>>> print(open('final.cif').read())   # mmCIF, C-alpha atoms
data_entry
#
loop_
_atom_site.label_atom_id
_atom_site.label_comp_id
_atom_site.auth_asym_id
_atom_site.auth_seq_id
_atom_site.Cartn_x
_atom_site.Cartn_y
_atom_site.Cartn_z
CA MET A 1 -1.94 46.33 1.71
CA GLY A 2 0.40 45.32 4.51
CA MET A 3 0.50 41.80 5.90
CA ILE A 4 -0.70 41.13 9.43
CA PRO A 5 2.28 40.00 11.48
CA ALA A 6 2.16 36.62 13.19
CA ALA A 7 1.79 36.61 16.94
CA GLU A 8 5.07 36.56 18.78
CA PRO A 9 5.87 33.54 20.97
CA GLY A 10 4.47 34.06 24.41
CA ARG A 11 2.03 36.80 23.33
CA ALA A 12 -1.68 35.96 23.08
CA ALA A 13 -3.42 36.55 19.75
CA PRO A 14 -6.62 38.65 19.51
CA ALA A 15 -9.78 36.81 20.59
CA SER A 16 -11.09 36.04 17.10
CA GLY A 17 -7.65 35.02 15.92
CA GLN A 18 -7.10 32.87 18.98
CA ILE A 19 -10.35 30.98 18.41
CA ALA A 20 -9.26 30.22 14.86
CA ALA A 21 -5.85 29.18 16.18
CA MET A 22 -7.45 26.84 18.72
CA VAL A 23 -9.46 25.22 15.94
CA ARG A 24 -6.23 24.68 14.02
CA LEU A 25 -4.62 23.36 17.18
CA ALA A 26 -7.29 20.63 17.34
CA ARG A 27 -6.29 19.59 13.80
CA PRO A 28 -9.79 18.70 12.55
CA TYR A 29 -8.45 17.50 9.20
CA GLN A 30 -6.68 14.73 11.11
CA TRP A 31 -10.05 13.34 12.15
CA VAL A 32 -10.10 11.40 8.90
CA LYS A 33 -7.87 8.87 10.70
CA ASN A 34 -10.77 8.12 13.03
CA GLY A 35 -12.68 6.78 10.03
CA LEU A 36 -11.27 3.41 11.13
CA ILE A 37 -14.05 3.48 13.73
CA PHE A 38 -16.47 2.59 10.92
CA ALA A 39 -14.51 -0.43 9.65
CA ALA A 40 -16.19 -2.84 12.07
CA LEU A 41 -19.60 -1.37 11.23
CA ILE A 42 -19.12 -1.99 7.52
CA PHE A 43 -17.47 -5.41 7.66
CA ALA A 44 -19.83 -6.73 10.34
CA ARG A 45 -22.64 -5.93 7.89
CA ARG A 46 -24.34 -3.55 10.34
CA LEU A 47 -24.28 -0.49 8.11
CA PHE A 48 -28.08 -0.35 7.81
CA PHE A 49 -28.81 -0.80 11.52
CA ALA A 50 -29.72 2.70 12.74
CA ARG A 51 -28.72 2.04 16.35
CA ASP A 52 -25.28 0.73 15.36
CA VAL A 53 -24.71 3.61 12.97
CA ALA A 54 -25.58 6.10 15.72
CA LEU A 55 -23.20 4.39 18.16
CA ALA A 56 -20.40 4.32 15.58
CA VAL A 57 -20.90 8.02 14.83
CA LEU A 58 -20.80 8.82 18.56
CA ALA A 59 -17.61 6.79 18.95
CA PHE A 60 -16.12 8.65 15.98
CA ILE A 61 -16.93 12.01 17.57
CA ASP A 62 -15.53 10.77 20.87
CA PHE A 63 -12.23 9.77 19.30
CA CYS A 64 -12.06 13.07 17.45
CA ALA A 65 -12.14 14.86 20.81
CA LEU A 66 -9.67 12.38 22.31
CA SER A 67 -7.18 12.56 19.44
CA SER A 68 -7.39 16.37 19.38
CA ALA A 69 -6.56 16.42 23.09
CA ALA A 70 -3.53 14.26 22.33
CA TYR A 71 -2.43 16.61 19.53
CA VAL A 72 -2.67 19.59 21.87
CA VAL A 73 -0.57 17.92 24.56
CA ASN A 74 1.97 16.80 21.97
CA ASP A 75 2.26 20.36 20.63
CA ILE A 76 2.74 21.70 24.14
CA LEU A 77 5.60 19.31 24.80
CA ASP A 78 7.14 19.88 21.36
CA ARG A 79 6.78 23.67 21.24
CA ASP A 80 10.50 24.40 21.53
CA ALA A 81 11.54 21.84 18.90
CA ASP A 82 8.70 22.91 16.58
CA GLN A 83 10.07 26.47 16.47
CA HIS A 84 13.04 25.11 14.50
CA HIS A 85 10.94 23.11 12.02
CA PRO A 86 10.12 24.80 8.65
CA ASP A 87 6.42 23.84 8.84
CA LYS A 88 5.72 23.09 12.48
CA ARG A 89 6.98 26.48 13.66
CA ASN A 90 3.67 27.86 12.35
CA ARG A 91 1.65 25.68 14.72
CA PRO A 92 -0.45 27.75 17.15
CA ILE A 93 1.57 27.02 20.29
CA ALA A 94 5.03 27.20 18.70
CA SER A 95 4.13 30.50 17.02
CA GLY A 96 2.63 31.97 20.19
CA GLU A 97 -0.94 32.29 18.89
CA VAL A 98 -2.18 30.07 21.73
CA SER A 99 -0.59 30.22 25.18
CA VAL A 100 0.55 27.07 26.95
CA ASP A 101 -1.94 27.69 29.76
CA THR A 102 -4.84 27.97 27.31
CA ALA A 103 -3.66 24.86 25.49
CA TRP A 104 -3.60 22.82 28.72
CA LYS A 105 -7.16 23.91 29.50
CA MET A 106 -8.27 23.00 25.99
CA ALA A 107 -6.69 19.55 26.26
CA ALA A 108 -8.36 19.01 29.65
CA VAL A 109 -11.81 19.92 28.32
CA LEU A 110 -11.46 17.69 25.25
CA GLY A 111 -10.08 14.79 27.27
CA ALA A 112 -12.74 15.05 29.99
CA SER A 113 -15.52 15.20 27.38
CA SER A 114 -14.19 12.07 25.72
CA LEU A 115 -14.02 10.21 29.02
CA VAL A 116 -17.63 11.09 29.85
CA VAL A 117 -18.78 9.55 26.56
CA ALA A 118 -16.50 6.56 27.09
CA VAL A 119 -18.09 5.82 30.46
CA GLY A 120 -21.48 5.70 28.74
CA PHE A 121 -20.23 3.05 26.33
CA GLY A 122 -19.17 0.69 29.12
CA ARG A 123 -16.01 -0.82 30.56
CA GLY A 124 -14.71 -2.36 27.33
CA TYR A 125 -14.76 0.88 25.39
CA LEU A 126 -13.53 2.84 28.41
CA GLY A 127 -10.57 0.47 28.62
CA ILE A 128 -9.68 1.19 25.00
CA VAL A 129 -9.89 4.93 25.59
CA ALA A 130 -7.71 4.57 28.70
CA ALA A 131 -5.18 2.53 26.70
CA TYR A 132 -5.16 5.20 24.00
CA ILE A 133 -4.51 7.94 26.57
CA VAL A 134 -1.65 5.96 28.12
CA LEU A 135 -0.22 5.24 24.67
CA GLN A 136 -0.33 8.89 23.62
CA ALA A 137 1.26 9.99 26.88
CA ALA A 138 4.01 7.40 26.46
CA TYR A 139 4.53 8.43 22.85
CA SER A 140 4.79 12.14 23.62
CA ALA A 141 7.09 11.68 26.62
CA TRP A 142 9.24 8.73 25.54
CA ALA A 143 8.40 6.52 22.54
CA LYS A 144 8.81 9.15 19.81
CA HIS A 145 12.46 9.54 20.80
CA HIS A 146 13.31 5.84 20.22
CA VAL A 147 13.91 4.26 16.85
CA VAL A 148 11.28 1.73 15.62
CA ILE A 149 9.35 2.01 18.88
CA ASP A 150 8.09 5.39 17.67
CA VAL A 151 6.40 4.04 14.53
CA ILE A 152 5.06 0.96 16.33
CA ALA A 153 3.40 3.22 18.91
CA ILE A 154 1.72 5.17 16.12
CA ALA A 155 0.49 1.95 14.51
CA VAL A 156 -0.93 0.67 17.79
CA GLY A 157 -2.92 3.89 18.07
CA PHE A 158 -4.63 3.07 14.77
CA VAL A 159 -5.38 -0.46 15.95
CA LEU A 160 -7.04 0.92 19.08
CA ARG A 161 -9.31 3.01 16.85
CA ALA A 162 -10.35 -0.11 14.96
CA PHE A 163 -11.04 -1.96 18.23
CA ALA A 164 -13.07 0.98 19.53
CA GLY A 165 -15.35 0.77 16.51
CA GLY A 166 -16.10 -2.88 17.16
CA VAL A 167 -16.61 -2.53 20.90
CA ALA A 168 -18.87 0.50 20.43
CA ILE A 169 -21.40 -1.55 18.43
CA GLY A 170 -20.84 -4.83 20.27
CA VAL A 171 -19.19 -6.90 17.53
CA PRO A 172 -15.87 -8.79 17.69
CA VAL A 173 -12.98 -7.24 15.81
CA SER A 174 -11.45 -9.53 13.20
CA PRO A 175 -7.76 -10.42 13.60
CA TRP A 176 -7.48 -9.58 9.90
CA LEU A 177 -8.63 -6.03 10.58
CA VAL A 178 -6.06 -5.70 13.37
CA PHE A 179 -3.21 -7.04 11.23
CA ILE A 180 -3.98 -5.02 8.11
CA THR A 181 -4.57 -1.84 10.13
CA PHE A 182 -1.27 -2.33 11.96
CA VAL A 183 0.92 -2.81 8.87
CA LEU A 184 -0.86 -0.05 6.94
CA ALA A 185 -0.32 2.36 9.84
CA LEU A 186 3.36 1.33 10.00
CA PHE A 187 3.62 2.15 6.31
CA LEU A 188 2.18 5.64 6.84
CA ALA A 189 4.32 6.29 9.93
CA LEU A 190 7.52 5.30 8.14
CA ALA A 191 6.59 7.51 5.21
CA ARG A 192 6.29 10.40 7.65
CA ARG A 193 9.73 9.69 9.10
CA ARG A 194 11.18 9.61 5.60
CA HIS A 195 9.69 13.00 4.82
CA GLU A 196 11.11 14.44 8.04
CA LEU A 197 14.57 13.17 7.13
CA THR A 198 14.50 14.57 3.60
CA SER A 199 12.94 17.92 4.53
CA LEU A 200 15.03 18.65 7.62
CA GLY A 201 18.38 17.31 6.40
CA ASP A 202 21.16 17.69 8.97
CA ALA A 203 18.77 19.31 11.45
CA ALA A 204 16.55 16.20 11.61
CA ASP A 205 18.06 14.75 14.79
CA SER A 206 17.72 18.04 16.64
CA HIS A 207 13.99 18.08 15.90
CA ARG A 208 13.32 14.45 16.86
CA GLY A 209 15.92 12.29 18.57
CA ALA A 210 14.86 9.05 16.89
CA LEU A 211 15.62 10.49 13.45
CA SER A 212 19.35 10.34 14.19
CA TYR A 213 19.07 6.54 14.06
CA TYR A 214 17.19 6.41 10.77
CA SER A 215 18.46 6.90 7.24
CA VAL A 216 16.48 7.28 4.02
CA ARG A 217 17.91 3.98 2.79
CA LEU A 218 16.87 2.15 5.96
CA ILE A 219 13.37 3.63 5.93
CA ASP A 220 12.94 2.76 2.24
CA GLN A 221 13.74 -0.86 3.11
CA MET A 222 11.24 -0.80 5.98
CA ILE A 223 8.58 0.78 3.76
CA SER A 224 9.08 -1.95 1.16
CA VAL A 225 8.53 -4.62 3.79
CA VAL A 226 5.38 -3.16 5.36
CA ALA A 227 3.87 -2.03 2.03
CA GLY A 228 4.28 -5.58 0.72
CA ALA A 229 2.86 -7.03 3.94
CA THR A 230 -0.15 -4.73 3.70
CA LEU A 231 -0.99 -5.66 0.13
CA VAL A 232 -0.32 -9.39 0.50
CA GLY A 233 -2.20 -9.52 3.80
CA TYR A 234 -5.23 -7.85 2.22
CA MET A 235 -5.09 -10.19 -0.78
CA ILE A 236 -5.03 -13.26 1.47
CA TYR A 237 -7.89 -11.82 3.51
CA THR A 238 -10.11 -11.27 0.49
CA ALA A 239 -9.38 -14.77 -0.90
CA SER A 240 -9.91 -16.60 2.40
CA PRO A 241 -12.77 -19.16 2.28
CA GLU A 242 -13.40 -18.50 5.98
CA VAL A 243 -13.83 -14.77 5.34
CA ALA A 244 -16.03 -15.47 2.31
CA ALA A 245 -18.31 -17.66 4.42
CA LYS A 246 -18.47 -15.15 7.25
CA LEU A 247 -19.19 -12.15 5.02
CA HIS A 248 -21.46 -14.07 2.63
CA THR A 249 -19.53 -13.06 -0.48
CA PRO A 250 -16.76 -14.86 -2.41
CA TYR A 251 -15.98 -11.77 -4.48
CA LEU A 252 -14.21 -9.51 -2.00
CA TYR A 253 -11.02 -9.99 -4.00
CA LEU A 254 -12.51 -7.60 -6.56
CA THR A 255 -11.52 -4.76 -4.21
CA VAL A 256 -7.80 -5.65 -4.40
CA PRO A 257 -7.04 -3.37 -7.40
CA PHE A 258 -8.19 -0.31 -5.43
CA VAL A 259 -5.98 -1.21 -2.47
CA ALA A 260 -3.03 -1.96 -4.75
CA PHE A 261 -3.47 1.36 -6.53
CA GLY A 262 -3.74 3.22 -3.22
CA ILE A 263 -0.49 1.73 -1.88
CA LEU A 264 1.41 2.23 -5.13
CA ARG A 265 0.07 5.76 -5.51
CA TYR A 266 1.23 6.61 -1.99
CA LEU A 267 4.66 5.14 -2.74
CA TYR A 268 4.82 7.37 -5.81
CA LEU A 269 3.90 10.42 -3.74
CA ILE A 270 6.59 9.52 -1.20
CA GLU A 271 9.41 8.83 -3.63
CA GLU A 272 8.76 11.19 -6.53
CA ARG A 273 6.94 14.13 -4.94
CA ASP A 274 8.46 14.02 -1.46
CA LEU A 275 5.09 13.90 0.25
CA GLY A 276 4.08 11.66 3.14
CA GLY A 277 4.86 14.10 5.93
CA ASP A 278 1.17 14.28 6.78
CA PRO A 279 -0.88 11.24 5.63
CA ALA A 280 -4.21 12.89 6.46
CA PHE A 281 -3.36 15.93 4.33
CA VAL A 282 -2.27 13.72 1.43
CA LEU A 283 -5.45 11.63 1.66
CA LEU A 284 -7.64 14.72 1.60
CA HIS A 285 -5.83 16.50 -1.25
CA ASP A 286 -4.63 13.88 -3.74
CA TRP A 287 -7.58 13.24 -6.05
CA PRO A 288 -6.42 9.88 -7.49
CA LEU A 289 -6.03 8.60 -3.92
CA ILE A 290 -9.42 10.01 -2.87
CA ILE A 291 -11.12 8.34 -5.84
CA ALA A 292 -9.42 5.00 -5.11
CA VAL A 293 -10.55 5.07 -1.46
CA CYS A 294 -14.12 6.00 -2.41
CA LEU A 295 -14.30 3.24 -5.03
CA TRP A 296 -12.92 0.75 -2.52
CA VAL A 297 -15.59 1.67 0.05
CA LEU A 298 -18.39 1.64 -2.53
CA THR A 299 -17.31 -1.74 -3.89
CA ASP A 300 -17.14 -3.20 -0.38
CA VAL A 301 -20.66 -1.94 0.37
CA LEU A 302 -21.95 -3.31 -2.93
CA LEU A 303 -20.42 -6.76 -2.33
CA LEU A 304 -21.27 -7.01 1.36
CA TYR A 305 -24.82 -5.68 1.26
CA LEU A 306 -26.33 -5.77 -2.21
CA LEU A 307 -24.68 -8.82 -3.79
CA ALA A 308 -24.12 -10.93 -0.67
CA THR A 309 -25.62 -14.41 -0.54
CA PRO A 310 -28.21 -15.16 2.19
#
>>> encode(input="final.cif", output="structure tokens")
Amino acid sequence: MGMIPAAEPGRAAPASGQIAAMVRLARPYQWVKNGLIFAALIFARRLFFARDVALAVLAFIDFCALSSAAYVVNDILDRDADQHHPDKRNRPIASGEVSVDTAWKMAAVLGASSLVVAVGFGRGYLGIVAAYIVLQAAYSAWAKHHVVIDVIAIAVGFVLRAFAGGVAIGVPVSPWLVFITFVLALFLALARRRHELTSLGDAADSHRGALSYYSVRLIDQMISVVAGATLVGYMIYTASPEVAAKLHTPYLYLTVPFVAFGILRYLYLIEERDLGGDPAFVLLHDWPLIIAVCLWVLTDVLLLYLLATP
């Protein structure tokens, strides 16, 4: 049986194939990153309040649409460079399965839908969405081409997700959540840059300008710093008397082994298996990591809701 040839750049795919390509263009597997929306819900001990759960779910869906719109725009702007990347050349726009005109329309629909929901949440949430849109535009057009600024921009995007979760349900976002989210996101972003360097070799700088300023040795040093900051920051957070009093449990430190395993496991995947190019893919396909995350969430819920003091 012969293989069906891929669509040529600039030529539209058949209708059914184009719909499937547009779904891939939205990158639904990346929506796992928007799970940060639920962090405020869990740690504010509002998990069993139906109204708050509904609002958090709506905010999650909203950010899924918003982040997909950002992915589409990014792929439009990167379509020429992606054609020279061993993996990204198969993306729907770079491969020609989805036309640029169709992609712009898709991004507009997703973005407009997200803004409509954001308006319903109020000015605070709308401001976060607006900041996210500006950040993504700045990243696609400028920040991703500048060393260090590129990974910081990615990390700030994760922090905005965490803030959105708190604002959506009307609870303040802990500075601890902001700090830990920021350094963890830096860790993941640097791992991605490392993978790009090792997989692309001498062609790395032609794919992304900022990569010409990085080296594997430099990124390994940066990863060591932010991985350590993530783990130590989380350990201090769980042992803080102030946090224990606020969350009504002195035993949050029992979740540290799961976080430590998760970070060390990811370091192993980066160094020994040359993964890390797509954190969402790794999180959804590495079973030890999946189990560690699930146990961490379950232990948090147990400590915060079932074993918490009055």
>>> atom_distance(input="final.cif", atom1="CA of Ser240 (chain A)", atom2="CA of Ile128 (chain A)")
28.8 Å
>>> resolve_selection(input="final.cif", expression="the PyMOL selection byres ((chain A and resi 226) around 8)", output="PyMOL selection string")
chain A and resi 183-184+186-187+222-225+227-230
>>> closest_atom_pairs(input="final.cif", of="region 188-302 of chain A", to="region 42-56 of chain A", cutoff="10 Å", atoms="only C-alpha atoms", output="CSV")
residue,atom,partner,partner_atom,distance
A:Lys246,CA,A:Ala44,CA,9.1
A:Leu247,CA,A:Phe43,CA,7.4
A:His248,CA,A:Arg45,CA,9.8
A:Val297,CA,A:Ile42,CA,9.0
A:Asp300,CA,A:Ile42,CA,8.2
A:Val301,CA,A:Ile42,CA,7.3
>>> write_last_selection(input="final.cif", atoms="C-alpha atoms", output="short mmCIF file (atom, residue, chain, number, x, y, z; two decimals), keeping the file's coordinate frame")
data_model
loop_
_atom_site.label_atom_id
_atom_site.label_comp_id
_atom_site.auth_asym_id
_atom_site.auth_seq_id
_atom_site.Cartn_x
_atom_site.Cartn_y
_atom_site.Cartn_z
CA LYS A 246 -18.47 -15.15 7.25
CA LEU A 247 -19.19 -12.15 5.02
CA HIS A 248 -21.46 -14.07 2.63
CA VAL A 297 -15.59 1.67 0.05
CA ASP A 300 -17.14 -3.20 -0.38
CA VAL A 301 -20.66 -1.94 0.37
#
>>> atom_distance(input="final.cif", atom1="CA of Ala141 (chain A)", atom2="CA of Phe179 (chain A)")
26.3 Å
>>> residues_around(input="final.cif", residues="Asn74 (chain A)", least_positions_apart="3", cutoff="6 Å", atoms="only C-alpha atoms", output="mmCIF file with C-alpha atoms, keeping the file's coordinate frame")
data_model
loop_
_atom_site.group_PDB
_atom_site.id
_atom_site.type_symbol
_atom_site.label_atom_id
_atom_site.label_comp_id
_atom_site.auth_asym_id
_atom_site.auth_seq_id
_atom_site.Cartn_x
_atom_site.Cartn_y
_atom_site.Cartn_z
ATOM 1 C CA TYR A 71 -2.430 16.610 19.530
ATOM 2 C CA LEU A 77 5.600 19.310 24.800
ATOM 3 C CA SER A 140 4.790 12.140 23.620
#
>>> closest_residue(input="final.cif", among="A:Tyr251, A:Tyr132, A:Phe163, A:Phe258", to="Phe38 (chain A)", atoms="all atoms listed in the file")
A:Phe163
>>> axis_aligned_box(input="final.cif", around="region 226-236 of chain A", padding_each_side="8 Å", output="JSON")
{"center_x": 0.1, "center_y": -7.6, "center_z": 2.3, "size_x": 26.6, "size_y": 27.2, "size_z": 22.1}
>>> resolve_selection(input="final.cif", expression="the PyMOL selection byres ((chain A and resi 277) around 12)", output="list in words")
Asp87, Lys88, Leu188, Ala189, Leu190, Ala191, Arg192, Arg193, Arg194, His195, Glu196, Leu197, Thr198, Ser199, Leu200, Tyr266, Leu269, Ile270, Glu271, Arg273, Asp274, Leu275, Gly276, Asp278, Pro279, Ala280, Phe281, Val282 and Leu283 of chain A
>>> closest_residue(input="final.cif", among="A:Val57, A:Leu66, A:Ile219, A:Val147", to="Val129 (chain A)", atoms="only C-alpha atoms")
A:Leu66
>>> resolve_selection(input="final.cif", expression="the PyMOL selection byres ((chain A and resi 308) around 9)", output="PDB file with C-alpha atoms, in the frame of the given file")
ATOM      1  CA  LEU A 247     -19.190 -12.150   5.020  1.00  0.00           C
ATOM      2  CA  HIS A 248     -21.460 -14.070   2.630  1.00  0.00           C
ATOM      3  CA  THR A 249     -19.530 -13.060  -0.480  1.00  0.00           C
ATOM      4  CA  PRO A 250     -16.760 -14.860  -2.410  1.00  0.00           C
ATOM      5  CA  LEU A 302     -21.950  -3.310  -2.930  1.00  0.00           C
ATOM      6  CA  LEU A 303     -20.420  -6.760  -2.330  1.00  0.00           C
ATOM      7  CA  LEU A 304     -21.270  -7.010   1.360  1.00  0.00           C
ATOM      8  CA  TYR A 305     -24.820  -5.680   1.260  1.00  0.00           C
ATOM      9  CA  LEU A 306     -26.330  -5.770  -2.210  1.00  0.00           C
ATOM     10  CA  LEU A 307     -24.680  -8.820  -3.790  1.00  0.00           C
ATOM     11  CA  THR A 309     -25.620 -14.410  -0.540  1.00  0.00           C
ATOM     12  CA  PRO A 310     -28.210 -15.160   2.190  1.00  0.00           C
TER      13      PRO A 310
END
>>> closest_residue(input="final.cif", among="A:Ala130, A:Ile76, A:Leu284, A:Leu36", to="Val98 (chain A)", atoms="only C-alpha atoms")
A:Ile76
>>> atom_distance(input="final.cif", atom1="CA of Gly127 (chain A)", atom2="CA of Val73 (chain A)")
20.5 Å
>>> closest_residue(input="final.cif", among="A:Ala245, A:Ala239, A:Leu289, A:Ala65", to="Tyr268 (chain A)", atoms="only C-alpha atoms")
A:Leu289
>>> residues_near_point(input="final.cif", point="(3.2, 4.6, 17.9)", cutoff="10 Å", atoms="all atoms listed in the file", output="PyMOL selection string")
chain A and resi 135-136+138-140+143-144+148-158+185-186+189
>>> write_last_selection(input="final.cif", atoms="C-alpha atoms", output="PDB file, keeping the file's coordinate frame")
ATOM      1  CA  LEU A 135      -0.220   5.240  24.670  1.00  0.00           C
ATOM      2  CA  GLN A 136      -0.330   8.890  23.620  1.00  0.00           C
ATOM      3  CA  ALA A 138       4.010   7.400  26.460  1.00  0.00           C
ATOM      4  CA  TYR A 139       4.530   8.430  22.850  1.00  0.00           C
ATOM      5  CA  SER A 140       4.790  12.140  23.620  1.00  0.00           C
ATOM      6  CA  ALA A 143       8.400   6.520  22.540  1.00  0.00           C
ATOM      7  CA  LYS A 144       8.810   9.150  19.810  1.00  0.00           C
ATOM      8  CA  VAL A 148      11.280   1.730  15.620  1.00  0.00           C
ATOM      9  CA  ILE A 149       9.350   2.010  18.880  1.00  0.00           C
ATOM     10  CA  ASP A 150       8.090   5.390  17.670  1.00  0.00           C
ATOM     11  CA  VAL A 151       6.400   4.040  14.530  1.00  0.00           C
ATOM     12  CA  ILE A 152       5.060   0.960  16.330  1.00  0.00           C
ATOM     13  CA  ALA A 153       3.400   3.220  18.910  1.00  0.00           C
ATOM     14  CA  ILE A 154       1.720   5.170  16.120  1.00  0.00           C
ATOM     15  CA  ALA A 155       0.490   1.950  14.510  1.00  0.00           C
ATOM     16  CA  VAL A 156      -0.930   0.670  17.790  1.00  0.00           C
ATOM     17  CA  GLY A 157      -2.920   3.890  18.070  1.00  0.00           C
ATOM     18  CA  PHE A 158      -4.630   3.070  14.770  1.00  0.00           C
ATOM     19  CA  ALA A 185      -0.320   2.360   9.840  1.00  0.00           C
ATOM     20  CA  LEU A 186       3.360   1.330  10.000  1.00  0.00           C
ATOM     21  CA  ALA A 189       4.320   6.290   9.930  1.00  0.00           C
TER      22      ALA A 189
END
>>> residues_near_point(input="final.cif", point="(-19.8, 0.2, 25.4)", cutoff="12 Å", atoms="all atoms listed in the file", output="PyMOL selection string")
chain A and resi 52+55-56+58-59+116-129+163-171
>>> write_last_selection(input="final.cif", atoms="C-alpha atoms", output="JSON list (two decimals), in the coordinates of the input")
[["chain", "number", "residue", "atom", "x", "y", "z"],
["A", 52, "ASP", "CA", -25.28, 0.73, 15.36],
["A", 55, "LEU", "CA", -23.20, 4.39, 18.16],
["A", 56, "ALA", "CA", -20.40, 4.32, 15.58],
["A", 58, "LEU", "CA", -20.80, 8.82, 18.56],
["A", 59, "ALA", "CA", -17.61, 6.79, 18.95],
["A", 116, "VAL", "CA", -17.63, 11.09, 29.85],
["A", 117, "VAL", "CA", -18.78, 9.55, 26.56],
["A", 118, "ALA", "CA", -16.50, 6.56, 27.09],
["A", 119, "VAL", "CA", -18.09, 5.82, 30.46],
["A", 120, "GLY", "CA", -21.48, 5.70, 28.74],
["A", 121, "PHE", "CA", -20.23, 3.05, 26.33],
["A", 122, "GLY", "CA", -19.17, 0.69, 29.12],
["A", 123, "ARG", "CA", -16.01, -0.82, 30.56],
["A", 124, "GLY", "CA", -14.71, -2.36, 27.33],
["A", 125, "TYR", "CA", -14.76, 0.88, 25.39],
["A", 126, "LEU", "CA", -13.53, 2.84, 28.41],
["A", 127, "GLY", "CA", -10.57, 0.47, 28.62],
["A", 128, "ILE", "CA", -9.68, 1.19, 25.00],
["A", 129, "VAL", "CA", -9.89, 4.93, 25.59],
["A", 163, "PHE", "CA", -11.04, -1.96, 18.23],
["A", 164, "ALA", "CA", -13.07, 0.98, 19.53],
["A", 165, "GLY", "CA", -15.35, 0.77, 16.51],
["A", 166, "GLY", "CA", -16.10, -2.88, 17.16],
["A", 167, "VAL", "CA", -16.61, -2.53, 20.90],
["A", 168, "ALA", "CA", -18.87, 0.50, 20.43],
["A", 169, "ILE", "CA", -21.40, -1.55, 18.43],
["A", 170, "GLY", "CA", -20.84, -4.83, 20.27],
["A", 171, "VAL", "CA", -19.19, -6.90, 17.53]]
>>> closest_residue(input="final.cif", among="A:Trp142, A:Asn90, A:Asp78, A:Ser68", to="Gly111 (chain A)", atoms="all atoms listed in the file")
A:Ser68
>>> closest_residue(input="final.cif", among="A:Ile61, A:Val100, A:Ala107, A:Leu298", to="Asp80 (chain A)", atoms="only C-alpha atoms")
A:Val100
>>> decode(input="final.cif", residues="region 160-176 of chain A", atoms="C-alpha atoms", output="short mmCIF file (atom, residue, chain, number, x, y, z; two decimals), in the first residue's frame")
data_model
loop_
_atom_site.label_atom_id
_atom_site.label_comp_id
_atom_site.auth_asym_id
_atom_site.auth_seq_id
_atom_site.Cartn_x
_atom_site.Cartn_y
_atom_site.Cartn_z
CA LEU A 160 0.35 34.78 34.35
CA ARG A 161 -1.50 31.45 34.18
CA ALA A 162 -1.11 31.03 37.93
CA PHE A 163 -2.36 34.58 38.55
CA ALA A 164 -5.33 33.99 36.25
CA GLY A 165 -6.40 31.02 38.35
CA GLY A 166 -6.45 33.11 41.51
CA VAL A 167 -8.20 36.10 40.00
CA ALA A 168 -10.84 33.88 38.36
CA ILE A 169 -12.02 32.60 41.75
CA GLY A 170 -11.34 35.79 43.69
CA VAL A 171 -8.45 34.67 45.91
CA PRO A 172 -5.02 36.29 46.31
CA VAL A 173 -2.12 34.50 44.66
CA SER A 174 0.66 33.57 47.07
CA PRO A 175 4.12 35.02 46.38
CA TRP A 176 5.37 31.48 46.94
#
